[in-house]
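Scroll down for the structure; my scribbles are underneath it.
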Amino acid sequence: MNDRPVRVRIAPSPTGDPHVGTAYVGLMNMAFARKNGGKFILRIEDTDQERSTKASEQAIFDALKWVGLTWDEGPDVGGEYGPYRQSERTEIYQKHVRDLVENGSAYPCFCDSEALAAIRERQRQAKQNKGYDGTCRSIPKDEALARMKAGEPHVIRLLVPDGTTTVHDELRGDVVIDHCQIDDQILLKSDGYPTYHLANVVDDHLMEITHVIRAEEWINSTPKHILLYQAFGWEPPKWVHLPLLRNHDKSKISKRKNPVNLLYYQQIGVMPEAMLNFLAMLGHSMPDEREVFDLLEFIEEFSFKRISLGGPVFDVEKLMWLNGVRIRDMQPAELAARIRDTMMPMDWLLQVVPLFQERMRVLGEFMPQAAFFRQPELKVPANDLLSAIKGDKDPKVMAKWLLDVAERLDAIRDFNPQEIEAAIRGWCEESGVPTGSLFMLLRISLTGRRATPPLFDTLAVLGRAACSQRLRAASTTLKSAPAPK
Ligand code: GLU
């Protein structure tokens, strides 16, 4: 195992905006690969067909490239171990799961949702652990295979034997897990699609991954993965679970407290090399405590030994500081070019210009009018927000509206004007808040102005992450505003 050439991967699921955590884990993987002359692979885990989108997949590629990651194999660059998109590998998983049923490590389960609900109810009454109770384990194999053949709906479950599994994590040492905590995990769903566990293990094996370097939140899945390696008779990779990124209050990083969409930072003009530098400092330290460094220096010093497990804080102030240091280091001509290219890229202009075209007389009017789109942290005063509503108003109630709407927007699949409009109008209808009041409040919260281009187009161009950040900021401002007399 140790003499196998290093092959590592990240395996994001394309179900939303490109997350800063993906870039962080990606950077650590890439540094390890580069340091050891190995390969870094990008695999797309899109087995959740309901939530996966092509737009999200593309945004992952764009965001990771922007920050400076390069992968040796992946859906967009190809490679010898492809396809690198799980939705294109369904037959591979089905074949492998058949092998497991054949060798007795997995079994078909015919329990339908009613049967599962009855099991849960029995467990609730007996105050037992929740989880599948193994009913279908006792079906004789011949009978089970015949029922499968006859087309009876079923899933395939892993047969988890009694006992314990030891996860040896390269950073944490041994973690022993009792199997009573592990459910007979579903491997193949009734629609023939694999679950995360099966697809992840099969791919890591077939793609000859030597080290699985991923976020701490997956450590609970690792015993299941080890059991799968044993069931297949395969040698598992080495396990490295990186510390979880945290908000200032030590909670797991979330968009409620910090923008987590990587592209948001691009949009406000964080420079990719500063972002990379910042990510490289999360949990990993340089030997001389150096804080400003570039990718090659990082790769040079990268080592698991330099990773500390005490949840690194995703400190946006630090990121801004690092960016500022780099700005001061630049030649004015270089800085000017960066400002032009970053703040007014052509694809952005092409989106925004049509929104202003109707009302512009001379070109000089464009920048002041469109400036709100590119402001890093828009601070709208409480009085401006309150002015959105005539007559009686309660800032706390308005604060709650903004949070509710932010949550609605977070859940939209494609962040386009039609879907945004449907989500916001839907919320107004359900909550009984008049659209007139809400629309003005949204407009002011998001732009700081009363007159803007059409609201839903404006939101779409601003993007989900900026909308989320601004609505939450305005909500916080309102929460602490005194109620007007
Ligand atoms: N698809 C998982 C994710 O979204 C992959 C986790 C892993 O690296 O095993 O992060």
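Every chain in the structure tokens has a letter given in the order shown (A, B, ...), and although residue numbers restart at 1 in each chain, ligands are simply numbered from 1 in the order shown.
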Next item on the list: Determine, counting only C-alpha atoms, which protein, DNA and RNA residues have an atom within 7 Å of an atom of Leu42 in chain A; residues of the same chain fewer than 6 positions away are not included. Present the result as number ranges by chain.
Entry: A: 9-11, 71, 73-74
For the selection just defined, write its residues with all heavy atoms to a file, as a short mmCIF file (atom, residue, chain, number, x, y, z; two decimals), in the first residue's frame.
data_model
loop_
_atom_site.label_atom_id
_atom_site.label_comp_id
_atom_site.auth_asym_id
_atom_site.auth_seq_id
_atom_site.Cartn_x
_atom_site.Cartn_y
_atom_site.Cartn_z
N ARG A 9 -8.34 12.56 -3.80
CA ARG A 9 -9.48 13.12 -4.55
C ARG A 9 -10.32 14.02 -3.66
O ARG A 9 -10.30 13.92 -2.44
CB ARG A 9 -10.31 11.99 -5.13
CG ARG A 9 -11.34 11.24 -4.29
CD ARG A 9 -11.10 11.06 -2.84
NE ARG A 9 -12.04 10.28 -2.11
CZ ARG A 9 -12.93 10.78 -1.24
NH1 ARG A 9 -13.00 12.06 -0.98
NH2 ARG A 9 -13.73 9.97 -0.57
N ILE A 10 -11.07 14.90 -4.28
CA ILE A 10 -12.23 15.48 -3.61
C ILE A 10 -13.44 15.02 -4.40
O ILE A 10 -13.33 14.71 -5.59
CB ILE A 10 -12.20 17.02 -3.50
CG1 ILE A 10 -11.91 17.68 -4.83
CG2 ILE A 10 -11.29 17.48 -2.40
CD1 ILE A 10 -12.17 19.18 -4.81
N ALA A 11 -14.57 14.98 -3.69
CA ALA A 11 -15.74 14.36 -4.31
C ALA A 11 -17.00 15.18 -4.01
O ALA A 11 -17.91 14.69 -3.36
CB ALA A 11 -15.87 12.93 -3.78
N TRP A 71 -6.66 20.04 -11.14
CA TRP A 71 -6.76 18.61 -10.91
C TRP A 71 -6.26 17.87 -12.13
O TRP A 71 -6.34 18.36 -13.25
CB TRP A 71 -8.19 18.20 -10.52
CG TRP A 71 -9.29 18.88 -11.28
CD1 TRP A 71 -9.98 18.37 -12.33
CD2 TRP A 71 -9.85 20.18 -11.04
NE1 TRP A 71 -10.92 19.27 -12.76
CE2 TRP A 71 -10.86 20.38 -11.99
CE3 TRP A 71 -9.60 21.21 -10.12
CZ2 TRP A 71 -11.64 21.56 -12.05
CZ3 TRP A 71 -10.35 22.37 -10.18
CH2 TRP A 71 -11.36 22.54 -11.14
N GLU A 73 -7.18 14.70 -12.99
CA GLU A 73 -8.24 13.90 -13.63
C GLU A 73 -9.57 14.43 -13.12
O GLU A 73 -9.68 14.87 -11.98
CB GLU A 73 -8.12 12.42 -13.21
CG GLU A 73 -6.80 11.77 -13.61
CD GLU A 73 -6.58 10.42 -12.93
OE1 GLU A 73 -7.56 9.74 -12.58
OE2 GLU A 73 -5.41 10.05 -12.74
N GLY A 74 -10.58 14.36 -13.98
CA GLY A 74 -11.90 14.84 -13.57
C GLY A 74 -12.84 14.83 -14.75
O GLY A 74 -12.41 14.60 -15.89
#
Next item on the list: Enumerate residues in contact with ligand 1: an atom-to-atom distance of at most 7 Å, counting only C-alpha atoms and all ligand atoms. Format the result as a VMD selection string.
Entry: chain A and resid 10 to 13 45 196 200 212 to 214 218
Item checked: DSSP-assigned strand (DSSP E or B) members of range 216-435 of chain A, reported as a count of residues only -> 11
Margin query: Which residues are close to Ala106 in chain A, i.e. within 9 Å by only C-alpha atoms, leaving aside same-chain residues fewer than 4 positions away? Reply as a PyMOL selection string.
Written below: chain A and resi 97-102+137+156-160+184+187+231
Margin query: Taking the DSSP secondary structure from the backbone, can you list the residues of range 7-235 of chain A that are alpha helix (DSSP H), as a ChimeraX atom specification?
Written below: /A:20-35,54-67,90-102,113-125,141-149,196-206,222-232
